[in-house]
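target-v4.tsv, holding TSV, C-alpha atoms and all ligand atoms:
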chain	number	residue	atom	x	y	z
H	201	MET	CA	0.00	0.00	0.00
H	202	LYS	CA	1.31	3.41	-0.93
H	203	LYS	CA	1.63	5.85	1.94
H	204	ARG	CA	-0.65	8.87	1.71
H	205	ILE	CA	0.67	12.37	2.32
H	206	LEU	CA	-1.63	15.31	3.01
H	207	VAL	CA	-0.19	18.50	1.55
H	208	SER	CA	-1.87	21.52	3.13
H	209	GLY	CA	-1.47	24.58	0.95
H	210	GLY	CA	-0.50	22.13	-1.78
H	211	ALA	CA	-1.81	24.26	-4.64
H	212	GLY	CA	0.75	27.02	-4.00
H	213	TYR	CA	4.31	27.58	-5.17
H	214	ILE	CA	6.23	25.27	-2.84
H	215	GLY	CA	3.32	22.86	-2.27
H	216	SER	CA	2.85	22.14	-5.97
H	217	HIS	CA	6.55	21.33	-6.50
H	218	VAL	CA	6.57	19.12	-3.41
H	219	SER	CA	3.44	17.29	-4.61
H	220	VAL	CA	5.15	16.45	-7.91
H	221	GLU	CA	8.25	15.07	-6.18
H	222	LEU	CA	6.17	13.05	-3.72
H	223	ILE	CA	4.17	11.43	-6.51
H	224	GLU	CA	7.33	10.72	-8.49
H	225	ALA	CA	8.80	9.09	-5.37
H	226	GLY	CA	5.79	6.76	-5.16
H	227	TYR	CA	3.57	8.44	-2.59
H	228	GLU	CA	-0.16	9.12	-2.77
H	229	VAL	CA	-0.93	12.80	-2.34
H	230	VAL	CA	-4.00	14.66	-1.15
H	231	VAL	CA	-3.80	18.36	-1.85
H	232	ALA	CA	-5.89	20.63	0.37
H	233	ASP	CA	-5.96	24.38	-0.07
H	234	ASN	CA	-8.33	27.29	0.51
H	235	MET	CA	-7.09	28.83	-2.76
H	236	SER	CA	-6.77	32.21	-1.03
H	237	ASN	CA	-3.42	32.99	-2.63
H	238	CYS	CA	-3.43	30.91	-5.81
H	239	ASP	CA	-5.56	29.69	-8.68
H	240	THR	CA	-5.78	26.16	-10.14
H	241	THR	CA	-2.61	26.54	-12.25
H	242	GLY	CA	-0.54	24.73	-9.62
H	243	ILE	CA	-2.74	21.66	-9.22
H	244	GLU	CA	-3.36	21.43	-12.96
H	245	GLY	CA	0.40	21.55	-13.50
H	246	VAL	CA	0.95	18.80	-10.93
H	247	ARG	CA	-1.62	16.59	-12.68
H	248	LYS	CA	-0.08	17.25	-16.09
H	249	ILE	CA	3.54	16.68	-15.05
H	250	THR	CA	2.77	13.43	-13.20
H	251	GLY	CA	0.07	12.20	-15.58
H	252	ARG	CA	-2.11	11.68	-12.49
H	253	THR	CA	-5.39	13.38	-13.30
H	254	ASP	CA	-6.95	11.85	-10.19
H	255	ILE	CA	-4.94	13.77	-7.58
H	256	PRO	CA	-7.58	15.15	-5.23
H	257	LEU	CA	-7.81	18.87	-4.52
H	258	VAL	CA	-9.89	19.45	-1.39
H	259	GLU	CA	-10.91	23.09	-1.18
H	260	MET	CA	-11.07	23.89	2.50
H	261	ASP	CA	-9.80	26.25	5.15
H	262	PHE	CA	-7.44	24.82	7.75
H	263	CYS	CA	-8.74	27.38	10.25
H	264	ASP	CA	-12.01	25.41	10.21
H	265	ALA	CA	-11.31	22.71	12.81
H	266	ALA	CA	-14.35	20.61	11.84
H	267	ALA	CA	-13.29	20.65	8.18
H	268	VAL	CA	-9.79	19.45	9.12
H	269	GLU	CA	-11.27	16.62	11.22
H	270	ARG	CA	-13.49	15.63	8.28
H	271	LEU	CA	-10.48	15.58	5.97
H	272	PHE	CA	-8.69	13.15	8.28
H	273	ASP	CA	-11.93	11.08	8.49
H	274	ASP	CA	-12.19	10.94	4.69
H	275	TYR	CA	-8.56	10.01	3.97
H	276	PRO	CA	-6.24	7.80	5.97
H	277	ILE	CA	-3.20	10.07	6.33
H	278	ASP	CA	0.32	8.77	7.05
H	279	ALA	CA	2.02	12.16	7.09
H	280	VAL	CA	1.13	15.83	6.71
H	281	ILE	CA	3.27	18.48	5.09
H	282	HIS	CA	1.94	21.79	6.30
H	283	PHE	CA	2.34	24.79	3.99
H	284	ALA	CA	-1.03	26.49	4.44
H	285	ALA	CA	-0.08	29.95	5.73
H	286	PHE	CA	0.13	33.62	4.84
H	287	LYS	CA	3.66	34.66	3.92
H	288	ALA	CA	3.96	38.38	3.18
H	289	VAL	CA	6.34	39.88	5.73
H	290	GLY	CA	5.22	43.51	5.23
H	291	GLU	CA	1.53	42.66	5.31
H	292	SER	CA	2.06	40.75	8.56
H	293	VAL	CA	3.37	43.94	10.20
H	294	ALA	CA	0.28	45.85	9.06
H	295	GLU	CA	-2.19	43.06	9.87
H	296	PRO	CA	-0.75	40.96	12.69
H	297	ILE	CA	-4.09	39.55	13.86
H	298	LYS	CA	-4.76	38.15	10.40
H	299	TYR	CA	-1.35	36.43	10.44
H	300	TYR	CA	-1.52	35.06	13.97
H	301	ARG	CA	-5.08	33.82	13.49
H	302	ASN	CA	-4.45	32.11	10.18
H	303	ASN	CA	-0.95	30.71	10.62
H	304	LEU	CA	-1.33	29.51	14.21
H	305	THR	CA	-4.93	28.27	14.07
H	306	SER	CA	-4.42	26.26	10.91
H	307	PHE	CA	-1.38	24.45	12.32
H	308	LEU	CA	-3.08	23.87	15.66
H	309	ASN	CA	-5.99	22.26	13.85
H	310	VAL	CA	-3.65	19.99	11.89
H	311	LEU	CA	-1.87	18.87	15.05
H	312	ASP	CA	-5.15	18.29	16.88
H	313	ALA	CA	-6.66	16.30	14.02
H	314	ALA	CA	-3.47	14.24	13.73
H	315	ARG	CA	-3.69	13.42	17.44
H	316	ASN	CA	-7.42	12.66	17.26
H	317	HIS	CA	-6.77	10.21	14.43
H	318	GLY	CA	-4.17	8.08	16.14
H	319	GLY	CA	-1.19	10.25	15.31
H	320	CYS	CA	0.86	10.82	12.19
H	321	ASP	CA	4.10	12.38	11.04
H	322	VAL	CA	4.13	16.13	10.57
H	323	LEU	CA	6.52	18.17	8.45
H	324	PHE	CA	6.40	21.91	9.09
H	325	SER	CA	7.44	24.49	6.53
H	326	SER	CA	9.68	26.86	8.49
H	327	SER	CA	12.08	29.57	7.45
H	328	ALA	CA	15.61	30.88	7.89
H	329	THR	CA	13.88	34.03	9.09
H	330	VAL	CA	13.95	32.44	12.56
H	331	TYR	CA	17.71	33.15	12.72
H	332	GLY	CA	17.31	36.91	12.20
H	333	GLU	CA	20.60	38.82	11.76
H	334	ALA	CA	22.87	35.93	12.76
H	335	GLU	CA	26.18	36.70	14.44
H	336	GLN	CA	27.94	33.65	13.03
H	337	LEU	CA	27.67	32.51	9.44
H	338	PRO	CA	26.78	30.09	8.05
H	339	VAL	CA	23.97	29.28	10.48
H	340	THR	CA	23.59	25.76	11.83
H	341	GLU	CA	20.41	24.33	13.31
H	342	ARG	CA	21.93	25.04	16.71
H	343	SER	CA	22.45	28.74	15.97
H	344	PRO	CA	20.22	30.83	18.24
H	345	ARG	CA	16.78	31.84	17.06
H	346	LEU	CA	16.65	35.61	17.49
H	347	PRO	CA	13.49	37.55	18.37
H	348	ALA	CA	11.35	37.71	15.24
H	349	THR	CA	11.23	41.04	13.45
H	350	SER	CA	7.76	40.50	11.96
H	351	PRO	CA	4.54	38.74	12.97
H	352	TYR	CA	5.10	36.43	9.98
H	353	GLY	CA	8.51	35.41	11.34
H	354	ASN	CA	7.05	35.04	14.80
H	355	THR	CA	4.38	32.62	13.53
H	356	LYS	CA	7.20	30.45	12.13
H	357	GLN	CA	8.91	30.38	15.54
H	358	ILE	CA	5.67	29.70	17.40
H	359	CYS	CA	4.67	26.88	15.03
H	360	GLU	CA	8.10	25.28	15.46
H	361	ASP	CA	7.54	25.41	19.22
H	362	MET	CA	4.05	23.96	18.88
H	363	LEU	CA	5.45	21.03	16.93
H	364	ARG	CA	8.30	20.54	19.42
H	365	ASP	CA	5.88	20.51	22.38
H	366	VAL	CA	3.25	18.29	20.78
H	367	THR	CA	5.83	15.70	19.66
H	368	ALA	CA	7.32	15.74	23.19
H	369	SER	CA	3.93	15.08	24.76
H	370	ASP	CA	2.62	12.50	22.31
H	371	PRO	CA	4.79	9.70	20.89
H	372	SER	CA	2.22	9.03	18.15
H	373	ILE	CA	3.24	12.31	16.51
H	374	ARG	CA	6.72	12.87	15.13
H	375	GLY	CA	7.80	16.11	13.54
H	376	ILE	CA	10.40	17.73	11.33
H	377	ALA	CA	10.76	21.45	10.69
H	378	LEU	CA	12.56	22.40	7.50
H	379	ARG	CA	14.05	25.87	7.59
H	380	TYR	CA	14.12	27.14	4.02
H	381	PHE	CA	16.56	29.74	2.87
H	382	ASN	CA	15.41	31.55	-0.31
H	383	PRO	CA	13.47	29.17	-2.59
H	384	ILE	CA	13.57	30.26	-6.25
H	385	GLY	CA	13.08	28.92	-9.77
H	386	ALA	CA	10.49	26.68	-11.33
H	387	HIS	CA	9.91	23.10	-12.45
H	388	PRO	CA	11.94	22.25	-15.60
H	389	SER	CA	8.66	21.59	-17.45
H	390	ALA	CA	7.73	25.28	-16.89
H	391	LEU	CA	4.22	24.04	-16.01
H	392	ILE	CA	4.41	25.15	-12.37
H	393	GLY	CA	6.21	28.04	-10.71
H	394	GLU	CA	5.76	31.05	-8.50
H	395	LEU	CA	2.62	33.11	-9.16
H	396	PRO	CA	2.82	36.28	-7.08
H	397	ARG	CA	-0.32	38.40	-6.83
H	398	GLY	CA	0.19	42.09	-7.52
H	399	VAL	CA	3.62	43.65	-7.16
H	400	PRO	CA	6.12	40.96	-6.12
H	401	ASN	CA	7.89	41.34	-2.78
H	402	ASN	CA	10.55	38.79	-3.57
H	403	LEU	CA	13.58	39.32	-5.74
H	404	ILE	CA	13.25	36.65	-8.45
H	405	PRO	CA	9.66	37.34	-9.53
H	406	TYR	CA	10.55	41.04	-9.58
H	407	ILE	CA	13.53	40.28	-11.83
H	408	THR	CA	11.60	38.06	-14.23
H	409	GLN	CA	8.68	40.51	-14.43
H	410	THR	CA	11.11	43.33	-15.19
H	411	ALA	CA	12.81	41.24	-17.87
H	412	ILE	CA	9.48	40.47	-19.56
H	413	GLY	CA	8.43	44.14	-19.41
H	414	LYS	CA	5.70	43.94	-16.76
H	415	ARG	CA	7.79	46.15	-14.42
H	416	ALA	CA	9.84	49.09	-15.59
H	417	CYS	CA	12.87	48.72	-13.35
H	418	LEU	CA	14.20	46.53	-10.56
H	419	SER	CA	15.24	48.37	-7.42
H	420	ILE	CA	18.20	46.75	-5.68
H	421	PHE	CA	17.58	47.58	-2.06
H	422	GLY	CA	20.85	48.93	-0.68
H	423	ASN	CA	24.41	48.87	-2.02
H	424	ASP	CA	26.07	50.09	1.16
H	425	TYR	CA	25.90	46.87	3.16
H	426	PRO	CA	29.15	45.57	4.67
H	427	THR	CA	29.58	42.92	1.94
H	428	GLU	CA	32.04	42.72	-0.95
H	429	ASP	CA	29.81	44.49	-3.49
H	430	GLY	CA	27.60	46.28	-0.94
H	431	THR	CA	24.44	44.25	-1.64
H	432	CYS	CA	22.82	41.65	0.64
H	433	LEU	CA	23.87	38.00	0.69
H	434	ARG	CA	21.32	35.18	0.57
H	435	ASP	CA	21.28	31.43	0.02
H	436	TYR	CA	19.08	30.84	-3.04
H	437	ILE	CA	17.82	27.28	-3.16
H	438	ASP	CA	16.28	25.71	-6.24
H	439	ILE	CA	12.60	24.87	-5.78
H	440	VAL	CA	12.97	21.30	-7.11
H	441	ASP	CA	15.96	20.65	-4.84
H	442	LEU	CA	13.91	22.06	-1.96
H	443	ALA	CA	10.96	19.84	-2.88
H	444	GLN	CA	13.22	16.78	-2.89
H	445	ALA	CA	14.34	17.64	0.65
H	446	HIS	CA	10.69	17.19	1.69
H	447	VAL	CA	10.60	13.72	0.17
H	448	ALA	CA	13.78	12.82	2.07
H	449	ALA	CA	12.39	14.20	5.34
H	450	VAL	CA	8.99	12.52	5.02
H	451	THR	CA	10.61	9.22	4.13
H	452	ARG	CA	12.89	9.49	7.16
H	453	MET	CA	9.84	9.95	9.38
H	454	LEU	CA	7.76	7.21	7.78
H	455	GLU	CA	10.63	4.72	7.89
H	456	GLY	CA	11.18	5.43	11.60
H	457	ARG	CA	14.73	6.70	11.06
H	458	MET	CA	14.45	9.81	13.21
H	459	LYS	CA	16.89	10.20	16.08
H	460	GLU	CA	14.48	12.36	18.09
H	461	GLY	CA	10.72	12.89	18.02
H	462	TYR	CA	11.34	16.39	16.67
H	463	GLU	CA	14.13	17.39	14.30
H	464	ILE	CA	15.14	20.54	12.45
H	465	PHE	CA	17.04	20.84	9.18
H	466	ASN	CA	18.37	23.80	7.22
H	467	ILE	CA	17.46	23.57	3.55
H	468	GLY	CA	19.79	25.69	1.46
H	469	THR	CA	22.83	25.39	-0.77
H	470	GLY	CA	25.42	26.62	1.73
H	471	ARG	CA	26.56	29.24	-0.79
H	472	PRO	CA	26.02	32.99	-0.30
H	473	VAL	CA	25.13	35.00	-3.41
H	474	SER	CA	24.76	38.79	-3.48
H	475	VAL	CA	21.84	40.57	-5.12
H	476	SER	CA	24.19	42.11	-7.71
H	477	GLU	CA	25.74	38.72	-8.48
H	478	LEU	CA	22.29	37.20	-8.90
H	479	VAL	CA	21.23	39.93	-11.33
H	480	THR	CA	24.45	39.55	-13.36
H	481	GLU	CA	24.09	35.78	-13.49
H	482	PHE	CA	20.43	36.09	-14.54
H	483	GLU	CA	21.49	38.37	-17.41
H	484	ARG	CA	24.33	36.08	-18.46
H	485	VAL	CA	22.38	32.82	-18.36
H	486	ASN	CA	19.37	34.16	-20.20
H	487	GLY	CA	21.25	36.43	-22.60
H	488	LEU	CA	19.45	39.65	-21.73
H	489	LYS	CA	19.96	43.00	-20.02
H	490	LEU	CA	17.94	43.92	-16.99
H	491	ASN	CA	16.87	47.46	-16.20
H	492	TYR	CA	17.87	48.08	-12.59
H	493	ARG	CA	18.94	50.81	-10.21
H	494	PHE	CA	20.28	50.98	-6.70
H	495	ALA	CA	17.75	52.18	-4.15
H	496	GLU	CA	17.45	52.69	-0.39
H	497	ARG	CA	17.75	49.72	1.92
H	498	ARG	CA	14.47	47.91	2.58
H	499	PRO	CA	13.53	48.07	6.28
H	500	GLY	CA	13.86	44.70	8.02
H	501	ASP	CA	16.38	43.14	5.60
H	502	VAL	CA	19.33	41.36	7.18
H	503	THR	CA	22.78	41.89	5.64
H	504	ALA	CA	23.65	38.25	5.12
H	505	ILE	CA	22.34	34.76	5.78
H	506	TRP	CA	23.32	31.40	4.41
H	507	ALA	CA	23.03	27.82	5.57
H	508	ASP	CA	25.32	25.24	7.00
H	509	THR	CA	23.74	22.24	5.30
H	510	ALA	CA	25.89	19.50	6.84
H	511	LEU	CA	23.07	18.09	8.97
H	512	ALA	CA	20.63	17.80	6.06
H	513	ASN	CA	23.39	16.35	3.88
H	514	GLU	CA	24.27	13.68	6.43
H	515	GLU	CA	20.95	12.83	8.02
H	516	LEU	CA	18.58	13.28	5.08
H	517	GLY	CA	21.10	12.10	2.48
H	518	TRP	CA	20.06	15.16	0.52
H	519	ARG	CA	21.91	18.01	-1.09
H	520	ALA	CA	21.09	20.83	-3.48
H	521	LYS	CA	22.07	19.69	-6.99
H	522	ARG	CA	20.95	22.27	-9.53
H	523	THR	CA	23.33	25.09	-10.38
H	524	LEU	CA	22.30	28.70	-9.96
H	525	ALA	CA	22.45	29.02	-13.76
H	526	GLU	CA	19.94	26.18	-14.25
H	527	THR	CA	17.67	27.63	-11.61
H	528	LEU	CA	17.72	31.13	-13.10
H	529	ALA	CA	17.02	29.68	-16.55
H	530	SER	CA	14.01	27.82	-15.11
H	531	ALA	CA	12.68	31.02	-13.51
H	532	TRP	CA	12.89	32.80	-16.86
H	533	ALA	CA	11.31	29.88	-18.75
H	534	TRP	CA	8.38	30.00	-16.32
H	535	GLU	CA	7.88	33.76	-16.75
H	536	LYS	CA	7.88	33.28	-20.53
H	537	HIS	CA	5.42	30.41	-20.20
H	538	LEU	CA	3.10	32.72	-18.25
H	539	ALA	CA	3.41	35.32	-21.00
H	540	GLY	CA	2.41	32.67	-23.54
H	541	GLU	CA	5.80	32.68	-25.27
T	1	LIG	C1	16.16	38.83	-1.31
T	1	LIG	C2	17.17	39.95	-1.47
T	1	LIG	C3	16.35	42.10	-0.80
T	1	LIG	C4	13.31	42.51	-3.91
T	1	LIG	C5	11.81	36.77	2.38
T	1	LIG	C6	11.24	36.48	3.74
T	1	LIG	C7	11.55	35.07	4.12
T	1	LIG	C8	11.05	34.10	3.10
T	1	LIG	C9	11.47	34.48	1.73
T	1	LIG	C10	8.71	33.83	2.46
T	1	LIG	C11	17.16	40.92	-0.29
T	1	LIG	C12	16.65	42.07	-2.28
T	1	LIG	C13	14.33	42.04	-3.11
T	1	LIG	C14	13.58	43.62	-4.77
T	1	LIG	C15	15.84	43.68	-3.95
T	1	LIG	N1	9.65	33.96	3.29
T	1	LIG	N2	15.57	42.61	-3.12
T	1	LIG	N3	14.83	44.15	-4.74
T	1	LIG	O1	13.83	39.07	2.17
T	1	LIG	O2	15.58	37.27	1.89
T	1	LIG	O3	13.25	36.64	2.42
T	1	LIG	O4	11.25	35.87	1.46
T	1	LIG	O5	7.72	33.33	2.39
T	1	LIG	O6	10.99	34.82	5.36
T	1	LIG	O7	11.79	37.38	4.68
T	1	LIG	O8	13.78	37.47	0.18
T	1	LIG	O9	13.42	37.71	-2.25
T	1	LIG	O10	12.41	39.43	-0.69
T	1	LIG	O11	14.89	39.39	-1.01
T	1	LIG	O12	16.95	44.23	-3.97
T	1	LIG	O13	12.70	44.12	-5.48
T	1	LIG	O14	16.80	40.73	-2.60
T	1	LIG	O15	16.73	43.34	-0.24
T	1	LIG	O16	18.48	41.32	-0.08
T	1	LIG	P1	14.18	37.71	1.72
T	1	LIG	P2	13.53	38.50	-1.00
Here is a file; write its structure as structure tokens.
Amino acid sequence: MKKRILVSGGAGYIGSHVSVELIEAGYEVVVADNMSNCDTTGIEGVRKITGRTDIPLVEMDFCDAAAVERLFDDYPIDAVIHFAAFKAVGESVAEPIKYYRNNLTSFLNVLDAARNHGGCDVLFSSSATVYGEAEQLPVTERSPRLPATSPYGNTKQICEDMLRDVTASDPSIRGIALRYFNPIGAHPSALIGELPRGVPNNLIPYITQTAIGKRACLSIFGNDYPTEDGTCLRDYIDIVDLAQAHVAAVTRMLEGRMKEGYEIFNIGTGRPVSVSELVTEFERVNGLKLNYRFAERRPGDVTAIWADTALANEELGWRAKRTLAETLASAWAWEKHLAGE
């Protein structure tokens, strides 16, 4: 019998790529999503790429506890990968109640339903944002979590703690938190990718939309940081590599290979890349010139963060494989696909 994985928020950017990799690794997938931040492009892409037209999409809100219980009644679930959450840092500062209510309630309901149904493995989608402006780089999983600088970041910390406490209290629930660095790029088929609504907050969609002519000019936020070229350093991780880390983590849980009831892994490449380097590489790989200018620093940005990936490499047997060039080509192919080219 194939193991069944519930992917909450599975119609979105990361969830759709993870669903593809799970299916290709031989798992059954149930996608559940309230479709508040995406359309059906993601799920349709997953069905097309995998040839599995029968993958269920359950439209539901994870803040509705009764609906989550019903979902667990309807499908025997071996593991949950929880993505369903709001993710705009700036919006979370303006509307903290919206973020706390949605991101905490939905995860609480998942944990409660898991417990009420005899337990299951839970993978939580966390973020390198929990490290804040780290004193020592690269960050390891044992680096301190600094006080969050946004309600969004705080919900990631609180959800990690919820998972830690629930797994400590109940041996029928095991948990892994994956701390993502900066996920970018798209599936090589160009059938799924990131679909930001409105003006993108993140760098790559802003770059690709500028290149295609949807935006006039990219602003590089700050060139006076204490780095070699003055722009911020990040660890950009390919979305398919990131998705494969989820398969490795879920398999570790399902095969009972965890060393503790709750584990944390950094998911990045281990390589810092500056904003200017990224822009130059994007231009080189895709053979185009990008219109950009240097602008003021963006409030809340840290100077530099990148991952020590040794733990994920050793324990998950996983490492990032795609080159930055391949990833940037995939991001551009996806933008062109969206434009119908
Ligand atoms: C990367 C770099 C910007 C846009 C955020 C969240 C994090 C995670 C991913 C999401 C920075 C610079 C950006 C632009 C620019 N969560 N930049 N011009 O800020 O590292 O991480 O997204 O769900 O929690 O904090 O990613 O892509 O926004 O920025 O110069 O128009 O690009 O200053 O140095 P970030 P990002």
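Among the candidate residues H:Gly332, H:Gly375, H:Gly517, H:Gly393, the one lying nearest to Leu311 in chain H is H:Gly375, with distances computed using all atoms listed in the file.
In this comparison, which uses only C-alpha atoms and all ligand atoms, the residue of H:Thr469, H:Thr250, H:Gln357, H:Ser474 approaching ligand LIG 1 (chain T) most closely is H:Ser474.
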| Within 6 Å of ligand LIG 1 (chain T) (only C-alpha atoms and all ligand atoms), residues as a PyMOL selection string | chain H and resi 287+327+329+382+401-403+406+418-421+432+475+498+501
Using all atoms listed in the file, find each residue of range 235-347 of chain H with at least one atom at most 10 Å away from an atom of range 207-220 of chain H; report its shortest atom-to-atom pair and that distance in Å (one decimal), sort the rows by chain and rising residue number, and return the result as CSV.
residue,atom,partner,partner_atom,distance
H:Met235,CA,H:Ala211,CA,7.2
H:Ser236,CA,H:Gly209,CA,9.5
H:Asn237,CA,H:Gly212,CA,7.4
H:Cys238,CA,H:Gly212,CA,6.0
H:Asp239,CA,H:Ala211,CA,7.7
H:Thr240,CA,H:Ala211,CA,7.0
H:Thr241,CA,H:Ala211,CA,8.0
H:Gly242,CA,H:Ala211,CA,5.2
H:Ile243,CA,H:Ala211,CA,5.3
H:Glu244,CA,H:Ala211,CA,8.9
H:Gly245,CA,H:Ser216,CA,7.9
H:Val246,CA,H:Val220,CA,5.7
H:Arg247,CA,H:Val220,CA,8.3
H:Lys248,CA,H:Val220,CA,9.7
H:Ile249,CA,H:Val220,CA,7.3
H:Thr250,CA,H:Val220,CA,6.5
H:Arg252,CA,H:Val220,CA,9.8
H:Ile255,CA,H:Ser219,CA,9.6
H:Leu257,CA,H:Ala211,CA,8.1
H:Val258,CA,H:Ser208,CA,9.4
H:Glu259,CA,H:Gly209,CA,9.8
H:Met260,CA,H:Ser208,CA,9.5
H:Asp261,CA,H:Ser208,CA,9.5
H:Phe262,CA,H:Ser208,CA,8.0
H:Ala279,CA,H:Val207,CA,8.7
H:Val280,CA,H:Val207,CA,6.0
H:Ile281,CA,H:Val207,CA,5.0
H:His282,CA,H:Ser208,CA,5.0
H:Phe283,CA,H:Gly209,CA,4.9
H:Ala284,CA,H:Gly209,CA,4.0
H:Ala285,CA,H:Gly209,CA,7.3
H:Phe286,CA,H:Gly209,CA,10.0
H:Ser306,CA,H:Ser208,CA,9.5
H:Phe307,CA,H:Ser208,CA,9.7
H:Val310,CA,H:Ser208,CA,9.1
H:Leu323,CA,H:Val207,CA,9.6
H:Ser325,CA,H:Ile214,CA,9.5
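The shortest atom-to-atom distance to Arg519 in chain H, with all atoms listed in the file taken into account, belongs to H:Ala448 out of H:Leu490, H:Cys263, H:Leu337, H:Ala448.
Going from CA of Val330 in chain H to CA of Gly468 in chain H covers 14.2 Å.
Note that the spacing between CA of Leu308 in chain H and CA of Val366 in chain H amounts to 9.9 Å.
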Taking only residues of range 217-307 of chain H that have an atom at most 8 Å from an atom of range 343-350 of chain H, what is each one's shortest atom pair and its distance in Å to one decimal, using all atoms listed in the file, in chain and number order, as a Markdown table?
| residue | atom | partner | partner_atom | distance |
| --- | --- | --- | --- | --- |
| H:Val289 | CA | H:Ser350 | CA | 6.4 |
| H:Gly290 | CA | H:Ser350 | CA | 7.8 |
| H:Ser292 | CA | H:Ser350 | CA | 6.6 |
| H:Val293 | CA | H:Ser350 | CA | 5.8 |
